[in-house]
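*Asks:* I am sharing my_file.txt, which consists of compact mmCIF, C-alpha atoms:
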```
# COMPACT_ATOMS: atom_id res chain seq x y z
CA MET A 1 109.97 19.85 -135.79
CA SER A 2 106.64 21.30 -134.70
CA ARG A 3 106.46 23.68 -137.68
CA LEU A 4 106.21 20.69 -140.02
CA LYS A 5 103.68 18.61 -138.09
CA THR A 6 100.79 17.87 -140.40
CA ASN A 7 97.24 16.84 -139.54
CA LEU A 8 95.68 15.04 -142.46
CA CYS A 9 92.23 13.46 -142.28
CA GLY A 10 92.40 13.42 -138.49
CA VAL A 11 95.83 11.74 -138.37
CA GLU A 12 98.90 13.61 -137.16
CA PHE A 13 102.10 13.15 -139.16
CA ALA A 14 105.58 14.23 -138.09
CA ASN A 15 105.86 16.14 -141.36
CA PRO A 16 104.26 16.22 -144.83
CA VAL A 17 106.95 14.11 -146.54
CA PHE A 18 105.82 10.56 -147.37
CA ALA A 19 107.48 7.72 -149.31
CA ALA A 20 105.34 6.84 -152.34
CA SER A 21 103.93 3.41 -153.08
CA GLY A 22 105.98 1.15 -155.32
CA THR A 23 109.25 2.94 -154.64
CA PHE A 24 109.84 2.10 -150.98
CA GLY A 25 108.92 -1.59 -150.80
CA TYR A 26 107.44 -2.50 -147.43
CA GLY A 27 109.70 -0.22 -145.41
CA GLU A 28 112.39 -2.67 -144.37
CA GLU A 29 114.27 -2.18 -147.64
CA PHE A 30 115.19 1.40 -146.60
CA ALA A 31 115.71 0.84 -142.88
CA ASP A 32 119.48 1.39 -143.17
CA PHE A 33 119.05 4.77 -144.84
CA VAL A 34 116.02 6.45 -143.27
CA ASP A 35 115.27 7.62 -139.73
CA TYR A 36 111.63 6.59 -139.54
CA ARG A 37 111.01 9.01 -136.67
CA ARG A 38 111.63 11.78 -139.19
CA LEU A 39 109.59 10.37 -142.08
CA GLY A 40 105.96 11.44 -142.30
CA ALA A 41 104.69 8.11 -143.61
CA ILE A 42 105.42 5.01 -145.65
CA VAL A 43 102.95 4.27 -148.43
CA VAL A 44 103.61 0.60 -148.99
CA LYS A 45 103.87 -1.27 -152.27
CA SER A 46 100.43 -2.08 -153.71
CA VAL A 47 98.55 -4.93 -152.04
CA SER A 48 96.15 -7.02 -154.11
CA LEU A 49 93.90 -9.85 -153.01
CA GLU A 50 96.11 -12.52 -154.58
CA PRO A 51 99.88 -12.43 -155.19
CA ARG A 52 100.96 -10.98 -158.54
CA VAL A 53 104.16 -11.89 -160.37
CA GLY A 54 104.04 -8.73 -162.46
CA ASN A 55 104.84 -8.13 -166.11
CA THR A 56 107.39 -9.84 -168.33
CA PRO A 57 110.92 -8.32 -168.12
CA PRO A 58 112.49 -5.97 -169.03
CA ARG A 59 110.39 -3.81 -166.69
CA LEU A 60 112.47 -0.66 -166.21
CA PHE A 61 113.89 1.86 -168.68
CA GLU A 62 115.73 5.01 -167.62
CA THR A 63 114.88 8.06 -169.70
CA ALA A 64 116.76 11.32 -170.01
CA SER A 65 114.83 12.82 -167.10
CA GLY A 66 112.78 10.04 -165.61
CA LEU A 67 112.00 6.37 -165.42
CA LEU A 68 109.62 4.11 -167.33
CA ASN A 69 108.38 1.21 -165.25
CA SER A 70 106.26 -1.75 -166.21
CA ILE A 71 106.33 -3.69 -162.95
CA GLY A 72 102.71 -4.72 -163.28
CA LEU A 73 101.74 -4.36 -159.60
CA GLN A 74 103.96 -7.25 -158.53
CA ASN A 75 103.27 -7.91 -154.85
CA VAL A 76 103.06 -10.64 -152.22
CA GLY A 77 99.27 -10.58 -151.95
CA LEU A 78 97.03 -9.78 -149.00
CA GLU A 79 97.59 -12.96 -147.00
CA GLU A 80 101.37 -12.69 -146.90
CA PHE A 81 101.20 -8.93 -146.36
CA LEU A 82 99.13 -9.46 -143.22
CA ARG A 83 101.25 -12.38 -142.02
CA GLU A 84 104.77 -11.16 -142.83
CA LYS A 85 104.94 -7.50 -143.84
CA LEU A 86 102.49 -5.68 -141.58
CA PRO A 87 103.97 -7.00 -138.29
CA ARG A 88 107.38 -5.62 -139.37
CA LEU A 89 105.89 -2.30 -140.44
CA ARG A 90 104.34 -1.88 -137.00
CA ARG A 91 107.85 -1.69 -135.52
CA TYR A 92 108.71 1.52 -137.35
CA PRO A 93 107.92 4.84 -135.61
CA THR A 94 106.12 6.34 -138.60
CA ARG A 95 102.66 6.27 -140.11
CA VAL A 96 101.73 3.40 -142.44
CA ILE A 97 99.49 3.85 -145.46
CA VAL A 98 98.45 0.79 -147.48
CA ASN A 99 97.97 1.15 -151.23
CA ILE A 100 95.22 -1.14 -152.54
CA ALA A 101 95.16 -2.51 -156.09
CA GLY A 102 92.35 -4.48 -157.69
CA GLN A 103 91.07 -5.66 -161.03
CA THR A 104 87.43 -5.90 -159.95
CA GLU A 105 85.26 -3.98 -157.51
CA PRO A 106 84.87 -7.01 -155.18
CA GLU A 107 88.68 -7.21 -154.90
CA TYR A 108 88.91 -3.63 -153.67
CA ILE A 109 86.12 -4.27 -151.20
CA GLU A 110 87.53 -7.52 -149.80
CA VAL A 111 91.05 -6.16 -149.39
CA THR A 112 89.64 -3.06 -147.69
CA GLU A 113 87.55 -5.11 -145.29
CA GLN A 114 90.44 -7.29 -144.19
CA LEU A 115 92.91 -4.43 -143.84
CA SER A 116 90.41 -2.45 -141.78
CA GLU A 117 90.41 -5.16 -139.12
CA GLU A 118 94.15 -4.79 -138.51
CA ASP A 119 96.07 -2.51 -136.15
CA GLY A 120 98.98 -0.41 -137.34
CA ILE A 121 97.40 1.00 -140.51
CA ASP A 122 96.75 4.74 -140.53
CA ALA A 123 95.04 5.17 -143.90
CA LEU A 124 94.20 3.38 -147.13
CA GLU A 125 95.17 4.60 -150.61
CA LEU A 126 93.03 3.32 -153.49
CA ASN A 127 95.06 2.90 -156.67
CA LEU A 128 92.40 3.57 -159.32
CA SER A 129 94.83 3.30 -162.22
CA CYS A 130 94.37 -0.47 -162.16
CA PRO A 131 92.79 -2.14 -165.23
CA ASN A 132 89.16 -3.11 -164.68
CA VAL A 133 88.99 -6.58 -166.22
CA LYS A 134 85.19 -6.49 -166.24
CA GLU A 135 85.21 -3.36 -168.40
CA GLY A 136 87.71 -4.32 -171.09
CA SER A 137 90.74 -3.44 -168.94
CA ILE A 138 89.85 0.26 -168.87
CA ALA A 139 91.33 1.84 -165.74
CA PHE A 140 88.87 2.44 -162.90
CA GLY A 141 90.10 6.02 -162.64
CA GLN A 142 89.00 7.07 -166.12
CA SER A 143 85.28 7.39 -165.32
CA ALA A 144 83.69 9.66 -162.74
CA SER A 145 80.71 7.33 -162.34
CA VAL A 146 82.97 4.31 -161.79
CA ILE A 147 85.10 6.23 -159.29
CA GLU A 148 82.02 7.32 -157.37
CA ARG A 149 80.66 3.77 -157.31
CA VAL A 150 83.91 2.09 -156.25
CA VAL A 151 84.86 4.69 -153.66
CA GLY A 152 81.33 4.66 -152.28
CA LYS A 153 81.37 0.89 -151.81
CA VAL A 154 84.82 0.91 -150.23
CA ARG A 155 83.87 3.84 -147.98
CA LYS A 156 81.13 1.72 -146.40
CA LYS A 157 83.65 -0.98 -145.47
CA THR A 158 86.21 1.07 -143.54
CA ALA A 159 86.48 3.72 -140.87
CA LEU A 160 90.09 4.41 -141.86
CA PRO A 161 90.93 7.60 -143.78
CA LEU A 162 90.47 6.85 -147.47
CA TRP A 163 92.79 8.41 -150.03
CA VAL A 164 92.12 8.08 -153.76
CA LYS A 165 95.10 8.07 -156.15
CA LEU A 166 94.27 9.45 -159.58
CA SER A 167 95.93 9.00 -162.95
CA PRO A 168 97.07 11.87 -165.19
CA ASN A 169 96.07 9.86 -168.27
CA VAL A 170 92.68 11.57 -168.57
CA ALA A 171 91.40 14.73 -170.21
CA ASP A 172 90.26 16.40 -166.97
CA ASN A 173 90.87 15.22 -163.40
CA ALA A 174 88.65 17.81 -161.67
CA PRO A 175 85.35 15.94 -162.12
CA LEU A 176 87.04 12.67 -161.18
CA ALA A 177 88.34 14.17 -157.94
CA GLN A 178 84.91 15.63 -157.24
CA ALA A 179 83.34 12.21 -157.79
CA ALA A 180 85.74 10.66 -155.28
CA GLU A 181 84.99 13.43 -152.78
CA ALA A 182 81.24 12.99 -153.21
CA ALA A 183 81.59 9.26 -152.55
CA GLY A 184 83.42 9.80 -149.26
CA ALA A 185 87.14 10.07 -150.07
CA ASP A 186 89.13 11.90 -147.40
CA ALA A 187 91.99 12.99 -149.69
CA ILE A 188 93.09 12.92 -153.33
CA CYS A 189 96.60 11.76 -154.35
CA ALA A 190 97.83 13.18 -157.65
CA ILE A 191 99.40 11.98 -159.79
CA ASN A 192 100.20 8.43 -160.79
CA THR A 193 102.53 7.81 -163.73
CA LEU A 194 102.08 8.93 -167.33
CA ARG A 195 101.86 6.27 -170.04
CA GLY A 196 104.91 5.92 -172.27
CA ILE A 197 107.00 3.51 -174.34
CA ALA A 198 110.66 3.06 -175.26
CA ILE A 199 112.02 1.54 -178.47
CA ASP A 200 115.19 -0.57 -178.62
CA VAL A 201 116.83 0.44 -181.90
CA PRO A 202 119.18 -2.59 -182.36
CA SER A 203 116.29 -5.04 -182.08
CA ARG A 204 113.73 -2.64 -183.59
CA ARG A 205 111.30 -3.73 -180.89
CA PRO A 206 109.70 -2.14 -177.80
CA PHE A 207 112.20 -2.21 -174.93
CA LEU A 208 109.73 -3.07 -172.17
CA GLY A 209 108.37 -6.59 -172.06
CA ASN A 210 104.84 -5.24 -171.70
CA THR A 211 105.48 -2.49 -174.31
CA ILE A 212 103.76 0.22 -172.23
CA GLY A 213 105.20 1.64 -169.04
CA GLY A 214 104.51 4.42 -166.58
CA LEU A 215 106.75 7.49 -166.73
CA SER A 216 107.81 8.99 -163.40
CA GLY A 217 110.61 11.26 -162.23
CA PRO A 218 111.54 14.92 -162.85
CA ALA A 219 110.07 14.90 -166.37
CA ILE A 220 106.51 14.73 -165.06
CA LYS A 221 106.74 17.39 -162.32
CA PRO A 222 105.12 20.22 -164.34
CA VAL A 223 102.24 17.90 -165.26
CA ALA A 224 101.83 16.80 -161.65
CA LEU A 225 101.83 20.41 -160.44
CA TYR A 226 99.12 21.23 -162.96
CA HIS A 227 96.91 18.41 -161.70
CA VAL A 228 97.47 19.38 -158.05
CA TRP A 229 96.52 22.97 -158.86
CA GLN A 230 93.45 21.84 -160.82
CA ILE A 231 92.23 19.43 -158.12
CA TYR A 232 92.98 21.87 -155.28
CA GLN A 233 90.58 24.35 -156.93
CA ALA A 234 87.91 21.67 -157.44
CA VAL A 235 87.58 19.92 -154.07
CA LYS A 236 87.45 20.77 -150.37
CA ILE A 237 89.35 17.69 -149.16
CA PRO A 238 93.19 17.64 -148.96
CA VAL A 239 95.35 17.00 -152.00
CA ILE A 240 98.55 14.96 -151.66
CA GLY A 241 100.99 15.75 -154.45
CA LEU A 242 103.46 13.46 -156.15
CA GLY A 243 105.34 13.31 -159.40
CA GLY A 244 108.99 14.21 -159.89
CA ILE A 245 109.74 15.40 -156.35
CA CYS A 246 113.50 15.18 -155.75
CA THR A 247 114.32 18.16 -153.52
CA ALA A 248 112.85 20.35 -150.79
CA ARG A 249 112.30 23.02 -153.44
CA ASP A 250 110.18 20.57 -155.45
CA ALA A 251 108.15 19.74 -152.35
CA LEU A 252 107.61 23.44 -151.65
CA GLU A 253 106.32 23.97 -155.19
CA PHE A 254 103.66 21.31 -154.60
CA ILE A 255 102.68 22.79 -151.24
CA LEU A 256 102.46 26.28 -152.71
CA ALA A 257 100.29 24.83 -155.49
CA GLY A 258 97.84 23.45 -152.91
CA ALA A 259 99.19 20.13 -151.65
CA SER A 260 98.78 19.36 -147.95
CA ALA A 261 101.52 16.71 -148.17
CA VAL A 262 103.83 15.19 -150.77
CA GLN A 263 104.98 11.72 -151.73
CA VAL A 264 108.50 11.00 -152.97
CA GLY A 265 108.74 8.21 -155.53
CA SER A 266 111.39 7.52 -158.16
CA ALA A 267 113.97 9.70 -156.41
CA ASN A 268 114.25 6.95 -153.75
CA PHE A 269 115.92 4.70 -156.34
CA ARG A 270 118.65 7.21 -157.08
CA ASP A 271 119.17 8.38 -153.50
CA PRO A 272 117.74 6.25 -150.66
CA ASP A 273 118.32 9.17 -148.25
CA VAL A 274 116.32 11.64 -150.34
CA THR A 275 113.29 11.84 -148.05
CA MET A 276 115.53 12.83 -145.14
CA LYS A 277 117.18 15.52 -147.26
CA ILE A 278 113.77 16.90 -148.20
CA VAL A 279 112.66 16.99 -144.56
CA ARG A 280 115.85 18.82 -143.59
CA GLY A 281 115.38 21.24 -146.47
CA LEU A 282 111.82 22.05 -145.39
CA GLU A 283 112.97 22.60 -141.80
CA GLN A 284 115.66 24.99 -142.98
CA TYR A 285 113.24 26.86 -145.25
CA VAL A 286 110.54 27.54 -142.63
CA GLU A 287 113.20 28.65 -140.14
CA ARG A 288 115.04 30.85 -142.62
CA GLU A 289 111.84 32.43 -143.94
CA ASN A 290 110.30 32.70 -140.46
CA VAL A 291 107.24 30.66 -141.48
CA GLY A 292 105.23 29.86 -138.37
CA HIS A 293 103.90 26.58 -139.78
CA ILE A 294 104.20 24.77 -143.10
CA GLU A 295 100.40 24.90 -143.43
CA GLN A 296 100.66 28.65 -144.04
CA LEU A 297 102.28 27.88 -147.41
CA ARG A 298 99.56 25.59 -148.71
CA GLY A 299 98.02 27.10 -151.83
CA ALA A 300 99.87 30.37 -151.25
CA ALA A 301 100.70 30.64 -154.96
CA TRP A 302 97.05 31.47 -155.61
CA LYS A 303 96.42 33.81 -152.66
```
Do you think you could lay out the structure here as structure tokens?
*Replies:*
Amino acid sequence: MSRLKTNLCGVEFANPVFAASGTFGYGEEFADFVDYRRLGAIVVKSVSLEPRVGNTPPRLFETASGLLNSIGLQNVGLEEFLREKLPRLRRYPTRVIVNIAGQTEPEYIEVTEQLSEEDGIDALELNLSCPNVKEGSIAFGQSASVIERVVGKVRKKTALPLWVKLSPNVADNAPLAQAAEAAGADAICAINTLRGIAIDVPSRRPFLGNTIGGLSGPAIKPVALYHVWQIYQAVKIPVIGLGGICTARDALEFILAGASAVQVGSANFRDPDVTMKIVRGLEQYVERENVGHIEQLRGAAWK
């Protein structure tokens, strides 16, 4: 539907509804449920330089209004992604965004360089919530100076649109988003998961094998909306919102708060058709409300 077409960082998307990294695999897992002609984009599971087996199980815990995950960036690694996954992704009639994970700056740079040589990738998403092993496992995304340095180095290695995914586990995301923008980021993705734990009462021990997990789902939507609003006011580049989006109404809240597009994450686990329902809901809304284009709604809550 032409009213939903979205131009983001010079790339045209069928609509502003994307499948979030880590919740949609490498696309083929949802092929029986999703019409890829009607999905804005797939943001694939994180890709690191080497394969990762992830954290010790148990790795998932369902909360009253969300999901704790401690997957630990399990993925096939760059070599297998390029050999096996990317050729299959190229067959789908939707945009492909690759999420990059790293534990050192050189890892981010090398993965970026190799991905940038491939066809069929429309943008790169830097996951800066990864632990920086050279800095005592402090996440890259907790320091404006580190963000500016890493994004700046990666920016020099690719001509692809560069999105930076920020964590909510900081005191203030505005200066971090500004640092990413100053270093050459084309868009900010907000937010990643919130840190949390679960306790197993019978054993009197943490439920997750890694103790700490990331909370996603409806519980974090108000927090995510806050960060989108905050970042939208602080930068000139687009903001892509995610965190607890389950319905078209949720997606509209993020767009009204300032998001140019949204990513749907944990809701895919509960309902593999949820992205299609959100697209249909947005189509119905703009038609019912006689909105000429979805872009007219961006940031309208503050106008």
*Asks:* Which residues are near stretch 234-246 of chain A? Cut-off 6 Å, only C-alpha atoms, ignore same chain within fewer than 6 positions. Put them as an MDAnalysis selection string.
*Replies:* chainID A and resid 174 178 187:191 217:218 220:221 224 259:264 267
*Asks:* Between A:Gly152, A:Pro51, A:Gly22, A:Gly281, which is the closest to A:Asn69 once you count all atoms listed in the file?
*Replies:*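 Closest to A:Asn69 of all the choices is A:Gly22.
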*Asks:* List the neighbours of A:Thr6 out to 9 Å using all atoms listed in the file; skip same-chain residues closer than 5 positions along the sequence, and give me the result as an MDAnalysis selection string.
*Replies:* chainID A and resid 11:16 40 260:261 294:295
*Asks:* So how many Å separate atom CA of A:Val291 and atom CA of A:Glu253, to one decimal?
*Replies:*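 Straight-line distance from atom CA of A:Val291 to atom CA of A:Glu253 works out to 15.3 Å.
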*Asks:* Between A:Tyr36, A:Glu28, A:Thr158, A:Ala123, which has the minimum distance to A:Lys85 (counting all atoms listed in the file)?
*Replies:*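 Checking each of A:Tyr36, A:Glu28, A:Thr158, A:Ala123 against A:Lys85, counting all atoms listed in the file, the winner is A:Glu28.
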